[in-house]
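Chemist: Sharing a structure, written as structure tokens. Questions coming.
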Amino acid sequence: MVAIPNRANRVPIQEAIDHLREALKALPGSYKLWHAYLRERLEIVRNLPVTHPEYQTLNNTFERALVTMHKMPRIWVMYLQTLTHQKFITLARKTFDRALCALPVTQHDRIWELYLVFVSQKGVPIETSLRVYRRYLKFDPGHIEDFIEFLLDSGLWQEGAERLAGVLNDDGFYSIKGKNKHQLWLELCDLLTNHATEVSGLKVDAIIRGGIRKYTNEVGRLWTSLADYYIRRGLFEKARDIFEEGMSTVVTVRDFSVIFDAYSQFEESTLAAKMETLDLSDEEEDNENDSVVEEEEEDVRLDYSLSAAKLSKKILHGFWLNDDNDVDLRLARLEHLMNRRPELANSVLLRQNPHNVEQWHRRVKLFEGNPTKQILTYTEAVRTVDPMKAVGKPHTLWVVFAKLYEDHKDVGNARVIFEKAVQVNYKAVDNLASLWCEWAEMELRHKNFRGALELMRRATAEPSVEVKRRVAADGNEPVQIKLHKSLRLWTFYVDLEESLGTLESTRTVYERILDLKIATPQTIINYALLLEENRYFEDAFKVYERGVKIFKYPHVKDIWITYLSKFVKRYGKTKLERARELFEQAVEKSPADSVKPLYLQYAKLEEDYGLAKRAMKVYAQAAKAVPDNEKMSMYEIYIARAAEIFGVPKTREIYEQAIESGLPDKDVKTMCMKYAELEKSLGEIDRSRAVYVFASQFADPRSDPNFWNKWHEFEVQHGNEDTFREMLRIKRSVSASYSQTHFILPEYLMQKDQKLNLEDTVTRSSVLESPKMKWLH
């Protein structure tokens, strides 16, 4: 074994080289000796310029090594790196090819990595690099993206576009850079449009339109790219057609804004460019005009020496289509585009949803002042909008359409529009009913009263049995079949009959409404009022009777109140028993929260026409029937009426009844204070004091000082030292009771099994059971 010198042993380089050379003479097939020898040789040239003769010696050494080491990839890699550093293009290329031929294909990836770095250097001919990349793609087709990047960096737009198109057409392509087909497609579009004059042979229009159909989230950008392609090729009119087509096909406002902004910018740039060229050519045109004036006398058509180009120039000079000064035309184009923006934006929204009624109305407003355009728009709208899919109220399109003709004094065509509108199958019956009502209102505005009534009779006519049978067989029931049950239609019809028809025809309409069971409480009231106005009182009361049988609470409440008030007003005392029966029936069926006004009416009846005792009985029943939150106000009314009819002493029973009726604590306290004032006014001081004692249990001295102040004033005026001291003692007891209740309650809740004995609570209970208050229980 020959020892290989180690750099750590600090052996001089030349000495190490000599040792290794001698060793290689003995063992020329040793990879380790050759590798160490070449490393030493590389160490020598590390800091030398590439023009130094040592590099040639190094290259010769590598060549000698490869005689026996041609299967060792590391030796090839070292050699190729050295040649790449030396910038020997031809030698390096041939050596790379030798390495690929010498090494097995499984090790080619190590060589190709260096090979691509080499051909990517500056100074390497483009053709050489292309040939190398093409060979590399045969070895590893997955790196086509690197080749495309190289082509684009080298300005080879034609081949780059073709390769990129090929990648997009390959369904099995997988990007090693993580790009999806969408990103690659956008790159191709940018390449084709930015280098429109350099790329040929590809159907750019078809490619970009294919992307528009496939990638709908970038439609605006793709349309502008296609237009930009034609702009760069100088086909400005074709670019305008592309912009117009894009704006007329996109379905999102974002894409529309992208195309419109690009279009307007294009028109502005062409206008600015034209104005600049005109400024520069003004002087030349003046000179040409002078020469043309001199030659006007001669007939240029007879000058056979002129070429075809010169002849056409002279003949067409001054013709408006051949005028280079088309600034006005370009400016008009730009203004026309800007004026069309609202219409175009509205078209985009309608393409999103052609059944959006509100957008159609906005579109018509854009053409305000142009009736022809508005009529065409409404015609398109009613033809496009499907009532079953409509967003909004589709019948309003027909209504406003007819109103447009009416505003222009063309009532005949307005009737035609309504006639067509009522034959459309809408989603809701109310839409069709609104159309009939609008049609009748138009007839009323033009004084055609008979026609309006006839329209309502047509609209409310029930379909025949044959029609119903045929519709049932079809399985698709249109709204026209249900129209005769539309409450809105009948309400409008009955209003017309009341205004224009007779009483009998109006009664017939009301009866028909009741038969169809579509009446409302207001319908009942209106029907009864109509009969009362015509002095059919008993018939009116029969209508009220039908109403209270049809409806239940809370809807029947207004009918009862109106019925009872009208009955009492009509008959008063003459049919008192019947009125009482009606009131009893009303309060019996009424819930607690709606019974108060009925009881008040009932009591008022007894006061005016009946017996006072019965009135008091009604008040007493009302005080028990109303909900708790209305008991206080009911008792106040009860007490006031009792005092007025029977005198103040009679109210004692009512006060006691109110206090014991289960009122809320605050209402009990208020009632007690009023009761105490009553007793004091009657001179019953002891009874008044007893009431104060009873009410004290509901008044916390800290939160209700008003009660205790009143009691204090009462004792100062009517009490003595003992009663005053008793009042203070009760106040302390009540205060202590509330305080201990507040503080002990949480502990009491945590310890439910413990019984708390509060002395002040006992004291309070003793107050409640005092002999002075027994008369209250």
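Chain identifiers are assigned as A, B, and so on, following the order in which chains appear in the structure tokens; residues are numbered from 1 within each chain, and ligands are numbered from 1 in order of appearance.
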Could you pull the residues within 12 Å of stretch 549-552 of chain A, counting only C-alpha atoms, minus those fewer than 5 positions along the same chain, as a VMD selection string?
Modeler: chain A and resid 514 to 515 517 to 524 542 to 544 557 to 560 585 to 586 589 to 591
Chemist: What does the structure give for the distance between atom CA of A:Pro354 and atom CA of A:Thr384, in Å to one decimal?
Modeler: 6.8 Å
Chemist: What is the distance between atom CA of A:Val364 and atom CA of A:Thr377, in Å to one decimal?
Modeler: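 Atom CA of A:Thr377 lies at a distance of 6.4 Å from atom CA of A:Val364.
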Chemist: Considering only alpha helix (DSSP H) as DSSP defines it on the backbone, what residues of stretch 355-424 of chain A qualify? List them as number ranges by chain.
Modeler: A: 357-366, 371-384, 395-407, 411-421
Chemist: What are the closest atom pairs, with distances in Å to one decimal, for all residues of stretch 443-562 of chain A lying within 12 Å of stretch 407-417 of chain A? Consider only C-alpha atoms, order rows by chain and residue number, and present the result as a tab-separated table.
Modeler:
```
residue	atom	partner	partner_atom	distance
A:Glu443	CA	A:Val411	CA	9.0
A:Arg445	CA	A:Val411	CA	10.8
A:His446	CA	A:Val411	CA	8.8
A:Asn448	CA	A:Val411	CA	11.4
A:Gly451	CA	A:Arg415	CA	11.3
A:Ala452	CA	A:Arg415	CA	11.8
A:Leu455	CA	A:Arg415	CA	11.3
```
Chemist: Atoms to include: C-alpha atoms. Write the selected residues as a PDB file, in the first residue's frame.
Modeler:
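Final file, selection.pdb:
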```
ATOM      1  CA  GLU A 443    -109.877  53.406 -16.806  1.00  0.00           C
ATOM      2  CA  ARG A 445    -108.446  58.187 -14.663  1.00  0.00           C
ATOM      3  CA  HIS A 446    -109.925  58.407 -18.151  1.00  0.00           C
ATOM      4  CA  ASN A 448    -114.398  55.102 -18.198  1.00  0.00           C
ATOM      5  CA  GLY A 451    -115.290  49.838 -18.236  1.00  0.00           C
ATOM      6  CA  ALA A 452    -113.637  49.757 -14.807  1.00  0.00           C
ATOM      7  CA  LEU A 455    -112.962  44.772 -15.684  1.00  0.00           C
TER       8      LEU A 455
END
```
Chemist: Excluding A:Pro104 and residues on its chain fewer than 6 positions from it, collect all residues at most 12 Å away from it, counting only C-alpha atoms, and give them as a PDB file with N, CA, C and O atoms, in the first residue's frame.
Modeler:
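And here's around05.pdb as it stands now:
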```
ATOM      1  N   HIS A  70     -12.236   6.532 -16.878  1.00  0.00           N
ATOM      2  CA  HIS A  70     -13.352   7.063 -17.667  1.00  0.00           C
ATOM      3  C   HIS A  70     -14.713   6.578 -17.170  1.00  0.00           C
ATOM      4  O   HIS A  70     -15.737   7.075 -17.619  1.00  0.00           O
ATOM      5  N   LYS A  71     -14.754   5.655 -16.243  1.00  0.00           N
ATOM      6  CA  LYS A  71     -16.018   5.211 -15.673  1.00  0.00           C
ATOM      7  C   LYS A  71     -16.301   5.853 -14.316  1.00  0.00           C
ATOM      8  O   LYS A  71     -17.296   5.516 -13.679  1.00  0.00           O
ATOM      9  N   MET A  72     -15.423   6.747 -13.887  1.00  0.00           N
ATOM     10  CA  MET A  72     -15.568   7.391 -12.577  1.00  0.00           C
ATOM     11  C   MET A  72     -16.203   8.772 -12.745  1.00  0.00           C
ATOM     12  O   MET A  72     -15.556   9.696 -13.269  1.00  0.00           O
ATOM     13  N   PRO A  73     -17.474   8.947 -12.316  1.00  0.00           N
ATOM     14  CA  PRO A  73     -18.155  10.242 -12.537  1.00  0.00           C
ATOM     15  C   PRO A  73     -17.503  11.403 -11.784  1.00  0.00           C
ATOM     16  O   PRO A  73     -17.545  12.538 -12.253  1.00  0.00           O
ATOM     17  N   ARG A  98     -18.348  13.587 -24.312  1.00  0.00           N
ATOM     18  CA  ARG A  98     -17.574  12.379 -24.011  1.00  0.00           C
ATOM     19  C   ARG A  98     -18.001  11.770 -22.690  1.00  0.00           C
ATOM     20  O   ARG A  98     -18.107  10.535 -22.552  1.00  0.00           O
ATOM     21  N   ARG A 110     -25.839  13.761 -13.033  1.00  0.00           N
ATOM     22  CA  ARG A 110     -24.747  14.561 -12.448  1.00  0.00           C
ATOM     23  C   ARG A 110     -24.049  15.388 -13.511  1.00  0.00           C
ATOM     24  O   ARG A 110     -23.622  16.513 -13.260  1.00  0.00           O
ATOM     25  N   ILE A 111     -23.957  14.826 -14.712  1.00  0.00           N
ATOM     26  CA  ILE A 111     -23.291  15.548 -15.800  1.00  0.00           C
ATOM     27  C   ILE A 111     -24.213  16.630 -16.364  1.00  0.00           C
ATOM     28  O   ILE A 111     -23.790  17.755 -16.633  1.00  0.00           O
TER      29      ILE A 111
END
```
Chemist: Find the residues around stretch 701-717 of chain A up to 8 Å (only C-alpha atoms counted), leave out those fewer than 3 positions away in its own chain, and share them as a short mmCIF file (atom, residue, chain, number, x, y, z; two decimals) with N, CA and C atoms, in the first residue's frame.
Modeler:
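Done, and the output landed in result_3.cif:
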```cif
data_model
loop_
_atom_site.label_atom_id
_atom_site.label_comp_id
_atom_site.auth_asym_id
_atom_site.auth_seq_id
_atom_site.Cartn_x
_atom_site.Cartn_y
_atom_site.Cartn_z
N MET A 673 -102.96 53.61 50.87
CA MET A 673 -102.79 55.04 51.13
C MET A 673 -104.03 55.82 50.74
N TYR A 692 -102.70 52.35 57.76
CA TYR A 692 -101.27 52.64 57.64
C TYR A 692 -100.43 51.51 58.21
N ASN A 720 -100.83 60.96 69.06
CA ASN A 720 -100.26 61.41 70.32
C ASN A 720 -98.89 60.78 70.47
N THR A 723 -98.96 56.87 69.97
CA THR A 723 -99.13 56.43 68.58
C THR A 723 -97.91 56.77 67.73
N PHE A 724 -97.28 57.91 68.05
CA PHE A 724 -96.08 58.28 67.28
C PHE A 724 -94.95 57.31 67.57
N MET A 727 -95.53 54.14 65.80
CA MET A 727 -95.18 54.28 64.38
C MET A 727 -93.68 54.12 64.16
N LYS A 731 -91.66 51.17 62.14
CA LYS A 731 -90.72 51.55 61.08
C LYS A 731 -89.39 50.83 61.27
N VAL A 734 -89.86 47.06 60.49
CA VAL A 734 -89.95 46.80 59.06
C VAL A 734 -88.58 46.96 58.39
N SER A 735 -87.86 48.00 58.82
CA SER A 735 -86.52 48.22 58.26
C SER A 735 -85.59 47.07 58.56
#
```
Chemist: Need to verify the contact set: A:Leu156, 12 Å, only C-alpha atoms, exclusion of same-chain residues closer than 5 positions in sequence. Can you return it as a PyMOL selection string?
Modeler: chain A and resi 126-127+129-130+147-151+161-163+191+195+198-199
Chemist: One decimal, Å: what's the distance from atom CA of A:Asp686 over to atom CA of A:Ile654, could you say?
Modeler: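 Spanning atom CA of A:Asp686 to atom CA of A:Ile654 is a straight-line distance of 19.2 Å.
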Chemist: Pick the closest to A:Val391 from A:Gln359, A:Ser464, A:Thr216, A:Thr379: which is it, counting only C-alpha atoms?
Modeler: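 Of all the options, A:Gln359 lies closest to A:Val391.
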Chemist: Determine, counting only C-alpha atoms, which protein, DNA and RNA residues have an atom within 9 Å of an atom of stretch 230-245 of chain A; residues of the same chain fewer than 2 positions away are not included. Present the result as JSON, numbers by chain.
Modeler: {"A": [193, 194, 195, 196, 197, 223, 224, 225, 226, 227, 228, 247, 248, 249, 250, 259, 260, 262, 263, 266]}
